[in-house]
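Undergrad: Mind looking over this structure? Questions follow.
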Amino acid sequence: MPLPPYLRPYQKRHLEDITSGKATCNSAELVNRDGDLWIHLFVKYEVDKPHYQPKTIIGVDLGVSKLATVSALSKDAVSNVNFFDGSGLRFKRKCYKRSLSEWQSNGNDAMVRRSKGKISNLSTYLNHCISKEIVSLAEQFPNPVIVMEKLTHIRKRNLGKRMNYELNSWSFAQLQGFIEYKAMEKGIRIEYVGAKHTSHRCSNCGHLNKSNRKDQAHFKCLGCGYEVNADFNASVNIAKVFREGAPSQPIGLGG
Ligand SMILES: [Zn+2]
């Protein structure tokens with residue numbers, strides 16, 4: 001089969017890595033997308049797990065109102081905060097979903113198949129964009145470690161029926177997987193914490209109270225009065241849980 005005439009830079013790079021032996025490719029998938037044939041190559045890289053001492057902890061909170069909130073904890077100060085909401089793409093996705101239910105009730109199977117593919121492509125595309133940005137943000141800091149919550153903990157949060165539906169359908173597992181492999185490619189450490197109460201604990205004074213979280217977006221501490229975006233508060237807590245939970249590997253936050 002001839003190679004496609006146009007290769008994107010990353011596709012070219014992966015193909016070169018396969019021919020030079022830097023990467024291996026043991027499987028491929030041929031896909032028929034609206035009459036065009038696409039081949040997906042599964043490229044495998046062997047990387048060593050990095051073991052350096054982190055100087056910056058990148059706390060990543062995955063949520064619904066903001067798909068991802070990232071804060072960078074260096075020394076004792078939070079030096080950078082970023083929100084990734086993907087609102088434009090989410091709107092598109094909603095439109096597809098609405099059409100999908102219409103086509104389903106009309107029995108238009110061809111359109112149902114097409115739009116199902118489009119919905120999952122949009123989520124995947126969005127997850128690629130967000131993970132890429134998070135990893136390049138981490139790269140800006142010396143010795144970063146990206147810390148996320150274990151997925152089981154995210155799922156256990158009771159966010160109401162509608163929220164839980166969105167939470168699962170946005171496939172956080174895929175987003176975490178993308179962040180993980182993109183970070184490993186760059187030699188960046190990835191760690192998971194089984195964080196408890198990240199959304200109800202005050203990241204400023206540590207006070208824990210369910211009423212601290214006023215609603216989905218606002219956090220106000222009943223202990224010290226600290227008022228901040230709720231997702232930001234959670235992302236700092238995730239970073240702090242990692243820092244405090246790893247006394248066996250003291251981290252050089254002084255440098
Ligand atoms: Zn507080």
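Chains: A, B, ... in order of the structure tokens. Residues: from 1 per chain. Ligands: from 1, in order shown.
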Please provide the set of residues having any atom within 9 Å of A:Gly59, restricted to only C-alpha atoms, with same-chain residues fewer than 5 positions apart removed, written as a PDB file with N, CA and C atoms, in the first residue's frame.
TA:
ATOM      1  N   THR A  69      -8.144  21.390  35.493  1.00  0.00           N
ATOM      2  CA  THR A  69      -7.576  22.573  36.127  1.00  0.00           C
ATOM      3  C   THR A  69      -6.195  22.200  36.632  1.00  0.00           C
ATOM      4  N   VAL A  70      -5.224  23.036  36.296  1.00  0.00           N
ATOM      5  CA  VAL A  70      -3.840  22.697  36.569  1.00  0.00           C
ATOM      6  C   VAL A  70      -3.205  23.787  37.419  1.00  0.00           C
ATOM      7  N   SER A  71      -2.528  23.398  38.491  1.00  0.00           N
ATOM      8  CA  SER A  71      -1.770  24.378  39.252  1.00  0.00           C
ATOM      9  C   SER A  71      -0.365  23.858  39.475  1.00  0.00           C
ATOM     10  N   ALA A  72       0.579  24.778  39.542  1.00  0.00           N
ATOM     11  CA  ALA A  72       1.981  24.403  39.723  1.00  0.00           C
ATOM     12  C   ALA A  72       2.435  24.849  41.095  1.00  0.00           C
ATOM     13  N   LEU A  73       2.863  23.885  41.908  1.00  0.00           N
ATOM     14  CA  LEU A  73       3.300  24.170  43.270  1.00  0.00           C
ATOM     15  C   LEU A  73       4.822  24.080  43.333  1.00  0.00           C
ATOM     16  N   VAL A 145       6.684  17.156  38.217  1.00  0.00           N
ATOM     17  CA  VAL A 145       5.980  15.877  38.334  1.00  0.00           C
ATOM     18  C   VAL A 145       4.499  16.189  38.179  1.00  0.00           C
ATOM     19  N   ILE A 146       3.844  15.481  37.275  1.00  0.00           N
ATOM     20  CA  ILE A 146       2.410  15.699  37.064  1.00  0.00           C
ATOM     21  C   ILE A 146       1.641  14.750  37.977  1.00  0.00           C
ATOM     22  N   VAL A 147       0.776  15.306  38.817  1.00  0.00           N
ATOM     23  CA  VAL A 147       0.037  14.483  39.782  1.00  0.00           C
ATOM     24  C   VAL A 147      -1.456  14.538  39.481  1.00  0.00           C
ATOM     25  N   MET A 148      -2.046  13.360  39.388  1.00  0.00           N
ATOM     26  CA  MET A 148      -3.493  13.284  39.151  1.00  0.00           C
ATOM     27  C   MET A 148      -4.135  12.368  40.182  1.00  0.00           C
ATOM     28  N   GLU A 149      -5.450  12.504  40.297  1.00  0.00           N
ATOM     29  CA  GLU A 149      -6.189  11.619  41.183  1.00  0.00           C
ATOM     30  C   GLU A 149      -6.420  10.281  40.503  1.00  0.00           C
ATOM     31  N   ALA A 234      -9.046  22.365  44.398  1.00  0.00           N
ATOM     32  CA  ALA A 234      -8.847  20.912  44.326  1.00  0.00           C
ATOM     33  C   ALA A 234      -7.491  20.565  43.711  1.00  0.00           C
ATOM     34  N   SER A 235      -7.084  21.307  42.678  1.00  0.00           N
ATOM     35  CA  SER A 235      -5.820  20.974  42.020  1.00  0.00           C
ATOM     36  C   SER A 235      -4.628  21.233  42.948  1.00  0.00           C
ATOM     37  N   VAL A 236      -4.732  22.282  43.777  1.00  0.00           N
ATOM     38  CA  VAL A 236      -3.655  22.541  44.740  1.00  0.00           C
ATOM     39  C   VAL A 236      -3.640  21.438  45.799  1.00  0.00           C
ATOM     40  N   ASN A 237      -4.826  20.990  46.228  1.00  0.00           N
ATOM     41  CA  ASN A 237      -4.889  19.898  47.206  1.00  0.00           C
ATOM     42  C   ASN A 237      -4.231  18.626  46.671  1.00  0.00           C
ATOM     43  N   ILE A 238      -4.457  18.326  45.392  1.00  0.00           N
ATOM     44  CA  ILE A 238      -3.869  17.129  44.789  1.00  0.00           C
ATOM     45  C   ILE A 238      -2.343  17.227  44.835  1.00  0.00           C
ATOM     46  N   ALA A 239      -1.830  18.416  44.504  1.00  0.00           N
ATOM     47  CA  ALA A 239      -0.371  18.623  44.554  1.00  0.00           C
ATOM     48  C   ALA A 239       0.135  18.457  45.987  1.00  0.00           C
ATOM     49  N   LYS A 240      -0.614  18.992  46.954  1.00  0.00           N
ATOM     50  CA  LYS A 240      -0.173  18.924  48.353  1.00  0.00           C
ATOM     51  C   LYS A 240      -0.255  17.501  48.908  1.00  0.00           C
ATOM     52  N   PHE A 242       0.295  14.829  47.267  1.00  0.00           N
ATOM     53  CA  PHE A 242       1.492  14.136  46.786  1.00  0.00           C
ATOM     54  C   PHE A 242       2.704  14.545  47.614  1.00  0.00           C
TER      55      PHE A 242
END
Undergrad: Looking only at the backbone, which of the residues in stretch 173-237 of chain A does DSSP tag as helix (DSSP H, G or I), as a VMD selection string?
TA: chain A and resid 173 to 185 210 to 212 230 to 237
Undergrad: Give the residue list for ligand 1 at 12 Å, counting only C-alpha atoms and all ligand atoms, as a PDB file with N, CA and C atoms, in the first residue's frame, sorted by chain and then by residue number.
TA:
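Result saved to pocket-v8.pdb:
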ATOM      1  N   HIS A 200     -13.320  19.323  49.257  1.00  0.00           N
ATOM      2  CA  HIS A 200     -13.895  19.928  50.464  1.00  0.00           C
ATOM      3  C   HIS A 200     -12.848  20.457  51.443  1.00  0.00           C
ATOM      4  N   ARG A 201     -11.583  20.163  51.163  1.00  0.00           N
ATOM      5  CA  ARG A 201     -10.537  20.637  52.065  1.00  0.00           C
ATOM      6  C   ARG A 201     -10.014  21.990  51.583  1.00  0.00           C
ATOM      7  N   CYS A 202      -9.682  22.858  52.526  1.00  0.00           N
ATOM      8  CA  CYS A 202      -9.129  24.166  52.165  1.00  0.00           C
ATOM      9  C   CYS A 202      -7.645  24.003  51.841  1.00  0.00           C
ATOM     10  N   SER A 203      -7.254  24.450  50.653  1.00  0.00           N
ATOM     11  CA  SER A 203      -5.855  24.290  50.251  1.00  0.00           C
ATOM     12  C   SER A 203      -4.965  25.324  50.940  1.00  0.00           C
ATOM     13  N   ASN A 204      -5.593  26.269  51.613  1.00  0.00           N
ATOM     14  CA  ASN A 204      -4.831  27.313  52.305  1.00  0.00           C
ATOM     15  C   ASN A 204      -4.508  26.914  53.740  1.00  0.00           C
ATOM     16  N   CYS A 205      -5.546  26.453  54.513  1.00  0.00           N
ATOM     17  CA  CYS A 205      -5.311  26.158  55.925  1.00  0.00           C
ATOM     18  C   CYS A 205      -5.545  24.676  56.273  1.00  0.00           C
ATOM     19  N   GLY A 206      -6.096  23.906  55.331  1.00  0.00           N
ATOM     20  CA  GLY A 206      -6.302  22.487  55.591  1.00  0.00           C
ATOM     21  C   GLY A 206      -7.632  22.160  56.251  1.00  0.00           C
ATOM     22  N   HIS A 207      -8.435  23.165  56.562  1.00  0.00           N
ATOM     23  CA  HIS A 207      -9.732  22.948  57.200  1.00  0.00           C
ATOM     24  C   HIS A 207     -10.636  22.111  56.291  1.00  0.00           C
ATOM     25  N   LEU A 208     -11.241  21.067  56.883  1.00  0.00           N
ATOM     26  CA  LEU A 208     -12.081  20.165  56.092  1.00  0.00           C
ATOM     27  C   LEU A 208     -13.534  20.303  56.504  1.00  0.00           C
ATOM     28  N   ASN A 209     -14.382  20.675  55.556  1.00  0.00           N
ATOM     29  CA  ASN A 209     -15.804  20.820  55.844  1.00  0.00           C
ATOM     30  C   ASN A 209     -16.570  20.726  54.533  1.00  0.00           C
ATOM     31  N   SER A 211     -19.293  21.938  53.803  1.00  0.00           N
ATOM     32  CA  SER A 211     -19.915  23.218  53.452  1.00  0.00           C
ATOM     33  C   SER A 211     -18.903  24.218  52.893  1.00  0.00           C
ATOM     34  N   ASN A 212     -17.626  23.844  52.897  1.00  0.00           N
ATOM     35  CA  ASN A 212     -16.624  24.731  52.309  1.00  0.00           C
ATOM     36  C   ASN A 212     -16.904  24.969  50.840  1.00  0.00           C
ATOM     37  N   ARG A 213     -17.370  23.906  50.194  1.00  0.00           N
ATOM     38  CA  ARG A 213     -17.639  24.045  48.770  1.00  0.00           C
ATOM     39  C   ARG A 213     -19.061  24.560  48.616  1.00  0.00           C
ATOM     40  N   PHE A 219     -15.451  27.990  46.122  1.00  0.00           N
ATOM     41  CA  PHE A 219     -14.980  27.419  47.375  1.00  0.00           C
ATOM     42  C   PHE A 219     -14.779  28.555  48.363  1.00  0.00           C
ATOM     43  N   LYS A 220     -15.366  28.412  49.543  1.00  0.00           N
ATOM     44  CA  LYS A 220     -15.102  29.394  50.587  1.00  0.00           C
ATOM     45  C   LYS A 220     -14.864  28.666  51.899  1.00  0.00           C
ATOM     46  N   CYS A 221     -13.682  28.863  52.471  1.00  0.00           N
ATOM     47  CA  CYS A 221     -13.303  28.135  53.678  1.00  0.00           C
ATOM     48  C   CYS A 221     -14.023  28.715  54.898  1.00  0.00           C
ATOM     49  N   LEU A 222     -14.656  27.819  55.671  1.00  0.00           N
ATOM     50  CA  LEU A 222     -15.342  28.261  56.882  1.00  0.00           C
ATOM     51  C   LEU A 222     -14.348  28.453  58.024  1.00  0.00           C
ATOM     52  N   GLY A 223     -13.117  27.972  57.832  1.00  0.00           N
ATOM     53  CA  GLY A 223     -12.094  28.118  58.860  1.00  0.00           C
ATOM     54  C   GLY A 223     -11.345  29.433  58.753  1.00  0.00           C
ATOM     55  N   CYS A 224     -10.809  29.716  57.556  1.00  0.00           N
ATOM     56  CA  CYS A 224      -9.964  30.907  57.419  1.00  0.00           C
ATOM     57  C   CYS A 224     -10.537  31.961  56.476  1.00  0.00           C
ATOM     58  N   GLY A 225     -11.651  31.659  55.840  1.00  0.00           N
ATOM     59  CA  GLY A 225     -12.277  32.657  54.978  1.00  0.00           C
ATOM     60  C   GLY A 225     -11.732  32.706  53.561  1.00  0.00           C
ATOM     61  N   TYR A 226     -10.753  31.831  53.271  1.00  0.00           N
ATOM     62  CA  TYR A 226     -10.143  31.787  51.938  1.00  0.00           C
ATOM     63  C   TYR A 226     -11.211  31.486  50.887  1.00  0.00           C
ATOM     64  N   GLU A 227     -11.267  32.328  49.850  1.00  0.00           N
ATOM     65  CA  GLU A 227     -12.289  32.184  48.823  1.00  0.00           C
ATOM     66  C   GLU A 227     -11.623  32.064  47.471  1.00  0.00           C
ATOM     67  N   VAL A 228     -11.982  31.018  46.732  1.00  0.00           N
ATOM     68  CA  VAL A 228     -11.246  30.757  45.491  1.00  0.00           C
ATOM     69  C   VAL A 228     -12.081  29.854  44.584  1.00  0.00           C
ATOM     70  N   ASN A 233      -8.810  25.106  43.848  1.00  0.00           N
ATOM     71  CA  ASN A 233      -8.560  24.618  45.204  1.00  0.00           C
ATOM     72  C   ASN A 233      -8.254  23.112  45.188  1.00  0.00           C
ATOM     73  N   ASN A 237      -4.826  20.990  46.228  1.00  0.00           N
ATOM     74  CA  ASN A 237      -4.889  19.898  47.206  1.00  0.00           C
ATOM     75  C   ASN A 237      -4.231  18.626  46.671  1.00  0.00           C
TER      76      ASN A 237
END
Undergrad: Distance atom CA of A:His128-atom CA of A:Val47, one decimal place?
TA: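 Between atom CA of A:His128 and atom CA of A:Val47 the gap is 20.3 Å.
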Undergrad: Which is closer to A:Glu46 than all the others in A:Gln216, A:Ser199, A:Asn32, A:Thr24, using only C-alpha atoms?
TA: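 The closest residue to A:Glu46 is A:Thr24.
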Undergrad: Rank A:Lys49, A:Lys196, A:Arg98, A:Lys132 by their smallest atom-to-atom distance to A:Lys116, using only C-alpha atoms, and report the top residue only.
TA: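 Among the listed residues, the smallest separation from A:Lys116 belongs to A:Arg98.
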Undergrad: Looking only at the backbone, which of the residues in stretch 156-242 of chain A does DSSP tag as strand (DSSP E), as number ranges by chain?
TA: A: 189-193, 218-220, 227-229
Undergrad: Which residues come within 12 Å of A:Ile190, counting only C-alpha atoms, excluding same-chain residues fewer than 4 positions away, as a PyMOL selection string?
TA: chain A and resi 49-52+54+57-60+134-135+138+143-150+176-186+239+242
Undergrad: With distances taken over only C-alpha atoms, which of A:Arg189, A:Lys210, A:Lys22, A:Lys94 is nearest to A:Lys55?
TA: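 The answer is A:Arg189, which sits nearest to A:Lys55.
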Undergrad: Grab the atom CA of A:Asp61 to atom CA of A:Thr198 distance for me, in Å with one decimal place.
TA: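 Distance reported for this atom pair: 9.0 Å.
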Undergrad: Would you mind telling me which residue in A:Ile188, A:Leu7, A:Val193, A:Met111 lies nearest to A:Ser136 when using only C-alpha atoms?
TA: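 That would be A:Ile188, the residue with the smallest distance to A:Ser136.
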